[in-house]
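A.B. asks: Encoded as structure tokens, here's the structure I'll be asking about.
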Amino acid sequence: MDFMQQLVQQLINGISLGSIYALIALGYTMIYGIIKLINFAHGDIYMVGAYIGYFSITMAHLSIVPSLIISMVVTGLLGMLIERLAYKPLRHAPRISVLITAIGVSFFLEYTSMYFVSPTPRTFPAVFDNIAYHFGPFIINGQQMLIFGITFILMVALTYIVQRTKIGKAMRAVSFDTETAQLMGIDANRIISITFGIGSALAAAGGVLVGVYYNSIDPLMGIMPGLKAFVAAVLGGIGILPGAMVGGLILGVIEALVSGFVSSTFRDAAAFAILILVLLFKPSGIFGKNTREKV
Amino acid sequence: MTQLLKAEGVSKSFGGLKAVSDFDFYIDNGSLVGLIGPNGAGKTTAFNLITGVYQPTKGNIEFDSNSIVGLKPYQITQRGIARTFQNIRLFSELSVLDNVKIAYHSHVKYGLVEAVLRLGRYFGEEKRVEERSMELLRIFKLDDKAQEIAKNLPYGAQRRLEIARALAAQPKLLLLDEPAAGMNPQETQELMEMIRWIRKEFGLTILLIEHDMSLVMGICERIYVLEYGIIIANGTPGEIKKNPEVIRAYLGGEA
Amino acid sequence: MNSLRKTDLIMLVFGVALFIVLQGLITGRILNSFWQLNLIILCINIILSVSLNLINGYTGQFSLGHAGFMAIGAYVSVVLTTNFHWPFLIALLAGGAGAGFLGFLIGLPTLRLYGDYLAIATLGLGEIIRITIMNIEYVGGAAGFMNIPHNTTFTWAFFLMLATLFIIKNFVNSTHGRACIAIRENEIAAEAMGINTTKYKVMAFTIGAGFAGVAGGLFAHCFYIINPTSFTFMQSFNYLIMVVLGGLGSITGSIAGAFAVTFVSAGLASWPEFRMIIYALMLILLMFYRPQGLFGYIEITDFKIFSRFRGGRKS
Amino acid sequence: MFSKRSLCIAGVLVGTVMLGGVFSGCGDDTKSNEIKIGANFELTGNVANYGSATFDGLQLAIDEANEAGGVNGKKIVLVKADSKSEASEAANAATKLISDDKVKVLVGPATTASVLAESQIATDNKVPVIAPCATSPKVTVDNGAVKPFIFRSCFIDPLQGDVMATFATKTLNAKTAVIYIDSSSDYSKSLGQVFKEKFEAAGGKVLMEEAFLQKDQDFKATLTKLKTANADVIFVPAYYEEVGKIVKQARELGIMQPILGTDGWDDTKVVDIAGAAALNNTFFSSHYSDQDKDVQSFIDAFKKKYDHAPNVFAALGYDAGKMLIDAIKRAGSDDPEKIQKAIEETKDLQVGTGKITMDKDHNPIKSAVILEMKDGVKVLKEKITPQA
Amino acid sequence: MGTMLKIDNINVYYGAIHAIKGISLEVGEGEIVTLIGANGAGKSTTLRTISGLLKPKSGTITFEGKEIAGLAAQDIVKAGISQVPEGRRIFANMTVMENLDLGAFIRKDKEGVQKDLKNVFERFPRLEERKNQEAGTLSGGEQQMLAMGRALMSRPRLLLLDEPSMGLAPLLIREIFSIIADINKTGTTVLLVEQNANMALSIASRAYVLETGRITLSGDAEKLAASEDVRKAYLGG
């Protein structure tokens with residue numbers, strides 16, 4: 001393979017990796033958008049989603065689609081429950097306390113899961129054949145396309161929900177100005193709760209798909225993807241759905257290129273370096289709007 | 001009298017929207033000048049331009065015969081302009097005393113090493129700062145509340161504390177942004193006396209924005225009236241009160 | 001104003017007395033080496049949490065990269081002691097200086113960012129530092145640096161901790177510290193009071209990073225081996241937890257936070273399955289009932305017993 | 001600001017912790033009919049799966065001994081401590097086990113760096129350590145000097161690297177190779193190095209060396225790069241979790257060459273993750289073959305207790321337990337120094353994975369096997385009995 | 001004319017600050033009542049308390065005979081009170097149409113909403129011209145119209161207006177006030193908070209003067225307009 005060929009194959013690799021980051025980042029960015037909380041537990045919710053999917057497939061012997069739906073629903077409810085129990089009481093507390101609570105929730109999910117499912121990784125059964133498609137010298141496999149497709153569809157669906165539906169308008173209103181939204185008769189608490197539900201369900205979808213794609217899940221699987229998804233969301237402009245998608249893809253492509261042409265051990269460093277550079281020149285991310293406090 | 005502050009042709013637009021346009025004004029050394037106008041007329045923007053929070057889109061501002069355009073807010077403060085804020089910006093979790101002590105920052109004469117190892121001038125300077133701060137608090141009748149947390153003070157006291165804090169920065173020109181907002185008539189009366197007194201005592205020049213007409217008319221020597229970012233009148237309180245433009249702008253169209 | 005000196009003196013006497021008692025317990029074998037080791041770790045954690053508090057608590061800059069600076073200090077000092085046979089103290093200070101210098105270089109551009117953006121940027125910087133170290137074969141790469149002399153004793157840890165407390169307390173109680181606090185309280189007003197906010201943010205960041213470096217050096221000379229896994233962002237979270245648990249803006253709080261985290265961790269060592277679950281629940285519950293941390297903005301010297309000696313601090 | 005209630009909560013919290021500390025600090029009343037053994041393992045953190053698997057194996061060996069009436073009439077009690085997958089915490093945990101729980105012997109942790117951190121403390125306190133699966137030579141030998149109290153129950157990296165390099169050149173006739181290591185593991189790094197030396201010494205050529213990090217999920221970028229080298233074999237000395245994904249993704253990218261590995265591969269998870277088909281044409285070295293009769297009893301016992309097949313970590317943990325029990329029996333006492341002597345003299349001991357004899361460098365002499373994966377089943381390809 | 005809103009001796013605190021010190025006031029059905037006073041006097045706080053954004057520490061608020069103090073903000077909107085907040089606070093990143101949709105958030109009757117939308121567009125033709133424009137790009141006057149239109153979309157029986165004249169040109173202020181009067185004529189009761197005393201008094205039937213959290217004057221709007229006290233309070237002696 002010559003350089004160009006390798007470059008194209010690396011772009012394919014990067015986009016497929018990036019779709020996963022994007023999928024988790026979508027939920028991250030929604031939740032951040034509405035209560036401005038770095039929900040460090042998001043990656044762990046993704047992990048829980050993967051396990052629920054795993055148990056639906058292996059124990060309840062369901063096929064992939066119902067398992068995916070069950071996982072999304074249950075995890076969505078879990079997200080709402082976490083919001084209700086852990087974050088809502090702290091709505092007016094200092095932000096850093098909420099952040100610590102989020103870290104606490106993250107630890108709690110990781111280690112409670114570890115207690116119940118043991119730290120040993122579980123292997124996802126192969127729920128469908130993974131066909132490799134050859135386009136000339138390039139190889140794309142079915143699951144890669146599936147993940148990219150699902151991420152894209154979810155992003156479009158989510159954008160539709162947020163832009164066009166009543167509940168979506170309420171979300172944007174709460175996110176922009178909670179108090180005024182309340183003056184419109186919007187129950188802000190309910191909207192926040194729903195947003196958590198949707199965000200968590202998205203994370204669960206990500207978890208199940210990653211389980212299917214990489215075959216292996218473990219209780220600490222959410223830490224790095226969670227962090228990367230957050231980086232992706234910030235990169236794209238946190239709170240902005242297409243931003244999360246683009247941020248995720250950029251991150252994936254950067255990682256693939258660095259792994260392919262430099263060294264994979266510098267991959268994460270490169271991802272963070274790009275993030276910092278983008279922030280220095282565009283402090284609110286690629287799609288973000290700059291706002292400064294009014295004097 | 002020399003002109004302490006002089007603004008010439010100052011304009012400021014925010015994304016095409018002109019907040020202040022072709023602003024010409026001056027403040028004589030030692031005078032007490034008022035800046036009035038309806039809400040949204042651009043008064044606070046004028047303050048922000050003088051103190052370096054905003055940079056003018058065009059025009060020049062001179063302080064003490066030197067241009068201060070392009071300087072950072074802290075540099076402008078160090079040159080001798082201090083201000084208060086319309087929406088009180090105290091260090092709200094700190095004690096009243098610490099609020100004032102912080103403002104002495106530019107005038108404390110000990111270095112980092114002296115501070116950290118508690119050598120040399122540290123104790124003397126800290127003592128001086130504390131004494132001076134307490135003195136200021138006494139002037140503003142806040143000395144008995146020196147150890148209270150600023151956010152727990154009543155509104156009027158917070159306003160006074162903000163002025164005390166601004167004075168601690170030892171300015172030549174003091175900018176007061178609605179100092180009497182939220183005060184009752186009696187408090188306003190006292191504030192008026194206090195502003196007169198500190199001007200004399202500290203040899204200050206004062207520019208103030210105010211809604212409370214009794215305050216403005218009562219103490220200002222000269223008043224600028226602003227509407228839609230343009231100065232529509234300029235004169236003594238007596239002149240301003242009779243100016244039909246001002247009455248229209250201020251009391252509203254239908255009288 | 002002699003009361004200030006008096007408070008210092010009392011604290012110093014108290015510190016030395018505490019040291020004599022603890023050292024006595026160690027020499028007398030009443031505290032076994034596990035507790036001795038944990039006391040050393042406690043001292044290190046106090047240095048880390050107090051120095052992070054200077055950045056996060058006092059200056060209000062949300063930094064999540066403390067473990068990175070700790071790593072710099074650790075690696076610089078172990079290279080100097082192990083490969084160049086420098087004296088321990090000099091190597092520690094060099095490690096601190098190295099971390100501080102890096103903090104300065106990094107802080108200058110980064111501190112223009114605000115809030116969560118600063119947090120994720122500093123987290124990223126910490127990870128970049130760690131990954132870079134992991135790729136340097138000279139210091140052992142990912143496997144770690146070995147054969148480090150075991151220089152860190154309780155005495156070293158305790159007195160360096162005391163020095164850190166003394167210096168940071170004095171910094172905070174000077175006009176420089178007040179400038180930092182003013183930035184936390186209201187950056188716009190601080191600037192209007194003539195405070196060069198960029199300068200003080202960078203200063204707090206540099207000093208905080210420097211002490212993290214010293215703590216890193218102490219940490220590294222404790223275990224014969226260090227590897228980059230000890231300096232992940234999870235460690236930075238740990239120090240943040242200590243600071244917030246104790247109360248942002250309170251040195252006493254940081255000490256209490258470090259104490260609580262260190263000993264909860266040690267006390268739960270026998271129940272590894274539940275250790276993290278209990279720890280997590282403790283965090284969540286504490287944030288529920290005391291979101292401002294155990295001590296909030298309050299110092300131990302603010303309590304009644306000390307009021308006779310009260311100096312420059314607020315009540 | 002300071003409500004009474006919250007002060008109370010704070011007080012109670014701090015108080016409990018302190019009391020907890022004091023009590024656990026005092027509780028070292030060893031009963032005379034017990035022998036305490038410290039199990040210092042990665043039970044939480046990044047490599048918790050390896051640590052806890054090793055611990056499971058150890059636990060099985062101890063349980064068997066206790067059910068058989070104990071050792072020298074005494075019951076063996078395992079005291080667990082968590083090294084949190086971090087070297088410094090491993091040292092901390094070892095200190096606790098030695099000084100607080102007064103254990104006589106330490107077993108663990110699983111990874112080299114953690115054992116190295118622990119070893120000095122153990123040496124200072126004259127407590128023997130058996131490291132079940134730390135394969136780096138540095139664990140037992142430091143600058144040419146054998147560490148008297150440190151032992152292991154697995155073979156060392158040079159052996160495996162040598163075996164696989166020989167296998168590649170002799171059996172597979174490979175002329176070129178690429179090496180893909182886990183750079184966060186000492187194990188993987190030193191195996192990569194040994195393989196390179198031996199492979200090149202045998203006339204082969206290493207075309208490319210790449211690295212990944214523990215917990216990586218996606219290897220396609222680097223594999224795409226490795227594919228360009230088009231080497232005869234790919235050597236991946238790493239642990240099963242990543243290996244499974246690497247093999248799977250390599251085959252997906254059309255890399256069909258033989259992939260070689262080491263004992264870190266030995267877990268059924270590899271098959272689950274990579275899929276049986278992808279694993280065809282892969283070979284790895286390990287400690288035993290499950291077709292080996294001597295090993296069957298261990299595998300059965302393990303399956304009975306834990307409901308799943310043991311992996312290599314569990315097997316090595318079991319071996320460590322066996323070694324220890326044997327040594328205590330022969331020492332006839334729970335005196336750490338006597339146990340240390342006894343471990344040194346271990347000879348022809350039947351453990352879970354075969355027969356072992358301790359050599360002068362505190363490394364067990366045991367046979368190695370090369371296994372081939374055929375449709376998801378491990379098939380014994382070669383058995384290498386070392387020259388003692 | 002029945003009493004629609006009755007506030008009885010409420011006290012409201014912002015943290016430690018006692019912002020409202022025992023205010024009582026009444027709004028009769030069909031009236032325009034105005035609350036005037038200087039900055040920081042507590043006018044907005046009063047409106048925010050009625051809307052449920054702040055909870056009074058003591059005192060009662062009854063709306064159409066029902067106690068509403070302490071209800072959640074969305075339930076107060078459902079009860080029939082809508083507020084045009086100070087500074088307009090439109091959702092700047094959404095279109096004009098979306099803002100109006102949000103105003104009708106609590107309503108389920110699609111046809112009624114369509115009808116009200118038509119009414120709003122009739123009243124504010126400029127909003128219809130710009131219905132697909134981002135609200136943040138509107139001029140100050142248009143934003144005020146949007147904020148009012150948005151509040152009307154919930155079809156309130158009581159409309160609370162907080163400083164509708166703020167930052168607007170005189171011509172526009174006149175327009176806004178005639179619209180307020182018009183809205184009132186079509187059957188919506190109005191409680192108006194204003195700094196522009198003359199303007200407010202010109203359309204109101206009754207007025208209350210607020211100073212530092214207390215009501216100092218109240219009565220017939222025309223009489224207050226002529227009163228020297230009000231003039232003094234604004235222009236100084």
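So you can find residues: chains in the structure tokens are A, B, ... in the order shown, residues in each start at 1, and ligands are numbered from 1 in order.
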Can you list, as a list in words, every residue of region 264-302 of chain D that DSSP puts in alpha helix (DSSP H)?

C.D. replies: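 Listing alpha helix (DSSP H) positions across region 264-302 of chain D yields Thr268, Lys269, Val270, Val271, Asp272, Ile273, Ala274, Ala276, Ala277, Ala278, Leu279, Lys293, Asp294, Val295, Gln296, Ser297, Phe298, Ile299, Asp300, Ala301 and Phe302 of chain D.
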
A.B. asks: Using 10 Å as the limit and counting only C-alpha atoms, can you tabulate each residue of chain B that touches chain A, with its shortest atom-to-atom distance in Å and the two atoms involved, as CSV?

C.D. replies:
residue,atom,partner,partner_atom,distance
B:Thr44,CA,A:Val295,CA,8.4
B:Thr45,CA,A:Val295,CA,8.8
B:Phe47,CA,A:Val295,CA,9.9
B:Asn48,CA,A:Val295,CA,7.7
B:Val53,CA,A:Val295,CA,7.9
B:Tyr54,CA,A:Val295,CA,9.5
B:Phe85,CA,A:Val295,CA,8.1
B:Gln86,CA,A:Val295,CA,8.7
B:Asn87,CA,A:Val295,CA,8.4
B:Arg89,CA,A:Val295,CA,9.4

A.B. asks: Considering only C-alpha atoms, tabulate each residue of region 33-136 of chain A that lies at most 12 Å from region 153-171 of chain A along with its nearest interatomic pair and the corresponding distance in Å to one decimal; arrange the rows by chain and ascending residue number and present them as JSON lines.

C.D. replies:
{"residue": "A:Gly33", "atom": "CA", "partner": "A:Met171", "partner_atom": "CA", "distance": 8.9}
{"residue": "A:Ile34", "atom": "CA", "partner": "A:Met171", "partner_atom": "CA", "distance": 7.0}
{"residue": "A:Ile35", "atom": "CA", "partner": "A:Met171", "partner_atom": "CA", "distance": 10.3}

A.B. asks: Based on the selection just made, write C-alpha atoms of those residues as a PDB file, in the first residue's frame.

C.D. replies:
ATOM      1  CA  GLY A  33     -26.473  21.931  27.416  1.00  0.00           C
ATOM      2  CA  ILE A  34     -29.345  21.785  29.813  1.00  0.00           C
ATOM      3  CA  ILE A  35     -27.749  21.938  33.242  1.00  0.00           C
TER       4      ILE A  35
END

A.B. asks: Contacts of Leu371 (chain D) at 7 Å or less, counting only C-alpha atoms, minus same-chain residues fewer than 2 places along, as a ChimeraX atom specification?

C.D. replies: /D:283-285,369,373,378-381

A.B. asks: Residues at most 10 Å from Gly80 (chain E), counting only C-alpha atoms, excluding those fewer than 5 positions away in the same chain, as a ChimeraX atom specification?

C.D. replies: /E:63-64,75,154-159

A.B. asks: Should the cut-off be 8 Å, what would the residue list for chain A against chain D look like, counting only C-alpha atoms, as an MDAnalysis selection string?

C.D. replies: chainID A and resid 1 6 9:10 13:14 17 118:125 132 139 141 214:216 220:221 256:257 259:261 263:265

A.B. asks: If we count only C-alpha atoms, what is near Gly30 (chain B) at a cut-off of 7 Å, once residues fewer than 2 positions away on the same chain are taken out, given as a list in words?

C.D. replies: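 Within the cut-off, the hits are Asp28, Leu32, Gly203, Leu204 and Thr205 of chain B.
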
A.B. asks: Could you take the residues named above and write them with N, CA and C atoms, as an mmCIF file, in the first residue's frame?

C.D. replies:
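Wrote it out as out09.cif, contents follow:
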data_model
loop_
_atom_site.group_PDB
_atom_site.id
_atom_site.type_symbol
_atom_site.label_atom_id
_atom_site.label_comp_id
_atom_site.auth_asym_id
_atom_site.auth_seq_id
_atom_site.Cartn_x
_atom_site.Cartn_y
_atom_site.Cartn_z
ATOM 1 N N ASP B 28 -13.460 68.517 34.760
ATOM 2 C CA ASP B 28 -12.425 69.353 35.371
ATOM 3 C C ASP B 28 -11.916 68.702 36.637
ATOM 4 N N LEU B 32 -17.468 67.714 40.432
ATOM 5 C CA LEU B 32 -18.401 66.620 40.655
ATOM 6 C C LEU B 32 -19.422 66.648 39.528
ATOM 7 N N GLY B 203 -9.777 65.065 48.132
ATOM 8 C CA GLY B 203 -9.408 65.855 46.960
ATOM 9 C C GLY B 203 -9.749 65.163 45.654
ATOM 10 N N LEU B 204 -10.950 64.587 45.598
ATOM 11 C CA LEU B 204 -11.319 63.741 44.468
ATOM 12 C C LEU B 204 -12.044 64.497 43.376
ATOM 13 N N THR B 205 -11.986 63.927 42.213
ATOM 14 C CA THR B 205 -12.884 64.315 41.137
ATOM 15 C C THR B 205 -13.889 63.174 41.018
#

A.B. asks: At what distance in Å, to one decimal, does CA of His105 (chain B) lie from CA of Val129 (chain B)?

C.D. replies: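 Rounded to one decimal, the two atoms are 9.2 Å apart.
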
A.B. asks: Please provide the set of residues having any atom within 9 Å of Gly34 (chain B), restricted to only C-alpha atoms, with same-chain residues fewer than 5 positions apart removed, written as number ranges by chain.

C.D. replies: B: 206-210, 216-217, 219-225

A.B. asks: One decimal, in Å: what's the spacing between CA of Asn40 (chain D) and CA of Gly108 (chain D)?

C.D. replies: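 Answer for the CA of Asn40 (chain D) to CA of Gly108 (chain D) separation: 5.1 Å.
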
A.B. asks: Tell me, which residues of region 187-246 of chain D carry DSSP strand (DSSP E), written as a PyMOL selection string?

C.D. replies: chain D and resi 205-212+233-235

A.B. asks: Just the residues within 10 Å of Arg95 (chain A), please, counting only C-alpha atoms, with nothing from its chain fewer than 3 positions along; format it as a list in words.

C.D. replies: Lys36, Leu37, Ile38, Leu90, Arg91, His92, Val98, Leu99, Ile100 and Thr101 of chain A; Gly115, Asp116 and Pro291 of chain C

A.B. asks: Write out as a Markdown table the residues of chain C that have any atom within 9 Å of an atom of chain D, one row each with the nearest atom pair and its distance in Å to one decimal, counting only C-alpha atoms, sorted by chain and then rising number.

C.D. replies:
| residue | atom | partner | partner_atom | distance |
| --- | --- | --- | --- | --- |
| C:Leu31 | CA | D:Gly25 | CA | 7.9 |
| C:Asn32 | CA | D:Ser99 | CA | 5.8 |
| C:Ser33 | CA | D:Ser99 | CA | 5.9 |
| C:Phe34 | CA | D:Lys96 | CA | 4.7 |
| C:Trp35 | CA | D:Gly25 | CA | 7.7 |
| C:Leu37 | CA | D:Asn92 | CA | 7.1 |
| C:Asn38 | CA | D:Asn92 | CA | 7.8 |
| C:Met134 | CA | D:Ser184 | CA | 7.9 |
| C:Asn135 | CA | D:Ser183 | CA | 8.7 |
| C:Gly141 | CA | D:Ser184 | CA | 7.9 |
| C:Ala142 | CA | D:Ser184 | CA | 4.6 |
| C:Ala143 | CA | D:Asp186 | CA | 5.0 |
| C:Gly144 | CA | D:Ala113 | CA | 7.1 |
| C:Met146 | CA | D:Leu116 | CA | 8.0 |
| C:Phe219 | CA | D:Ser88 | CA | 8.5 |
| C:Ala220 | CA | D:Ser88 | CA | 8.6 |
| C:Cys222 | CA | D:Ser88 | CA | 8.1 |
| C:Phe223 | CA | D:Ala117 | CA | 5.8 |
| C:Tyr224 | CA | D:Ala117 | CA | 5.8 |
| C:Ile225 | CA | D:Ala117 | CA | 5.5 |
| C:Ile226 | CA | D:Ala87 | CA | 6.7 |
| C:Asn227 | CA | D:Ala87 | CA | 7.2 |
| C:Pro228 | CA | D:Ser184 | CA | 8.9 |
| C:Thr229 | CA | D:Glu86 | CA | 6.4 |
| C:Ser230 | CA | D:Glu86 | CA | 6.1 |
| C:Ala256 | CA | D:Val14 | CA | 8.5 |
| C:Phe259 | CA | D:Val14 | CA | 8.5 |
| C:Ala260 | CA | D:Val14 | CA | 6.4 |
| C:Phe263 | CA | D:Val17 | CA | 6.5 |
| C:Val264 | CA | D:Val17 | CA | 5.8 |
| C:Ala266 | CA | D:Gly21 | CA | 7.5 |
| C:Gly267 | CA | D:Gly21 | CA | 5.2 |
| C:Leu268 | CA | D:Gly20 | CA | 8.5 |
| C:Ala269 | CA | D:Ala81 | CA | 6.2 |
| C:Ser270 | CA | D:Ala81 | CA | 5.9 |
| C:Trp271 | CA | D:Ala81 | CA | 7.7 |
| C:Pro272 | CA | D:Asp82 | CA | 5.6 |
| C:Glu273 | CA | D:Leu43 | CA | 7.6 |
| C:Met276 | CA | D:Thr44 | CA | 8.5 |
| C:Met282 | CA | D:Leu13 | CA | 8.9 |
| C:Leu286 | CA | D:Ala10 | CA | 8.2 |
| C:Tyr289 | CA | D:Ser6 | CA | 6.6 |
| C:Arg290 | CA | D:Ser6 | CA | 6.6 |
| C:Leu294 | CA | D:Ala10 | CA | 6.3 |
| C:Phe295 | CA | D:Phe2 | CA | 8.2 |
| C:Gly296 | CA | D:Met1 | CA | 8.2 |

A.B. asks: Can you write out as CSV which residues of chain C fall within 9 Å of chain A, alongside each residue's closest atom pair and its distance in Å to one decimal, counting only C-alpha atoms and ordering rows by chain and ascending residue number?

C.D. replies:
residue,atom,partner,partner_atom,distance
C:Phe62,CA,A:Ile96,CA,8.6
C:Pro109,CA,A:Leu280,CA,7.3
C:Thr110,CA,A:Leu280,CA,7.1
C:Arg112,CA,A:Leu280,CA,7.8
C:Leu113,CA,A:Pro283,CA,6.5
C:Tyr114,CA,A:Pro283,CA,8.5
C:Asp116,CA,A:Ile38,CA,7.7
C:Tyr117,CA,A:Pro283,CA,7.5
C:Leu118,CA,A:Leu279,CA,8.9
C:Ile120,CA,A:Val231,CA,7.4
C:Ala121,CA,A:Ile276,CA,5.6
C:Thr122,CA,A:Ile276,CA,8.7
C:Leu123,CA,A:Phe272,CA,8.7
C:Gly124,CA,A:Phe272,CA,5.0
C:Leu125,CA,A:Phe272,CA,7.2
C:Glu127,CA,A:Ala269,CA,6.7
C:Ile128,CA,A:Ala269,CA,4.7
C:Ile129,CA,A:Ala269,CA,8.2
C:Arg130,CA,A:Ala269,CA,8.7
C:Ile131,CA,A:Ala269,CA,6.3
C:Thr132,CA,A:Phe266,CA,7.6
C:Met134,CA,A:Thr265,CA,8.3
C:Asn135,CA,A:Thr265,CA,7.2
C:Ile188,CA,A:Val295,CA,7.6
C:Phe237,CA,A:Ile103,CA,8.0
C:Leu240,CA,A:Ile100,CA,8.2
C:Ile241,CA,A:Ile100,CA,6.5
C:Val244,CA,A:Ser97,CA,7.0
C:Leu245,CA,A:Ser97,CA,8.6
C:Glu273,CA,A:Tyr115,CA,6.4
C:Phe274,CA,A:Tyr111,CA,7.8
C:Arg275,CA,A:Tyr111,CA,8.7
C:Met276,CA,A:Tyr111,CA,6.2
C:Ile277,CA,A:Phe108,CA,5.2
C:Ile278,CA,A:Phe108,CA,8.1
C:Tyr279,CA,A:Gly104,CA,7.8
C:Ala280,CA,A:Gly104,CA,4.5
C:Leu281,CA,A:Gly104,CA,6.8
C:Met282,CA,A:Gly104,CA,8.1
C:Leu283,CA,A:Gly104,CA,5.6
C:Ile284,CA,A:Thr101,CA,5.0
C:Leu285,CA,A:Thr101,CA,8.4
C:Leu286,CA,A:Thr101,CA,8.8
C:Met287,CA,A:Ser97,CA,6.0
C:Phe288,CA,A:Leu90,CA,6.9
C:Arg290,CA,A:Ser97,CA,8.9
C:Pro291,CA,A:Ser97,CA,5.5
C:Gln292,CA,A:Ser97,CA,7.1
C:Gly293,CA,A:Ser97,CA,8.2

A.B. asks: Nearest to chain C among B:Glu131, B:Asp64, B:Asp177, B:Glu148, with distances taken over only C-alpha atoms: which residue is it?

C.D. replies: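 For chain C, the nearest of the candidates is B:Glu148.
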
A.B. asks: If I take CA of Ile68 (chain E) and CA of Met4 (chain E), how far is one from the other in Å, to one decimal?

C.D. replies: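 Result for CA of Ile68 (chain E) versus CA of Met4 (chain E): 12.1 Å, one decimal.
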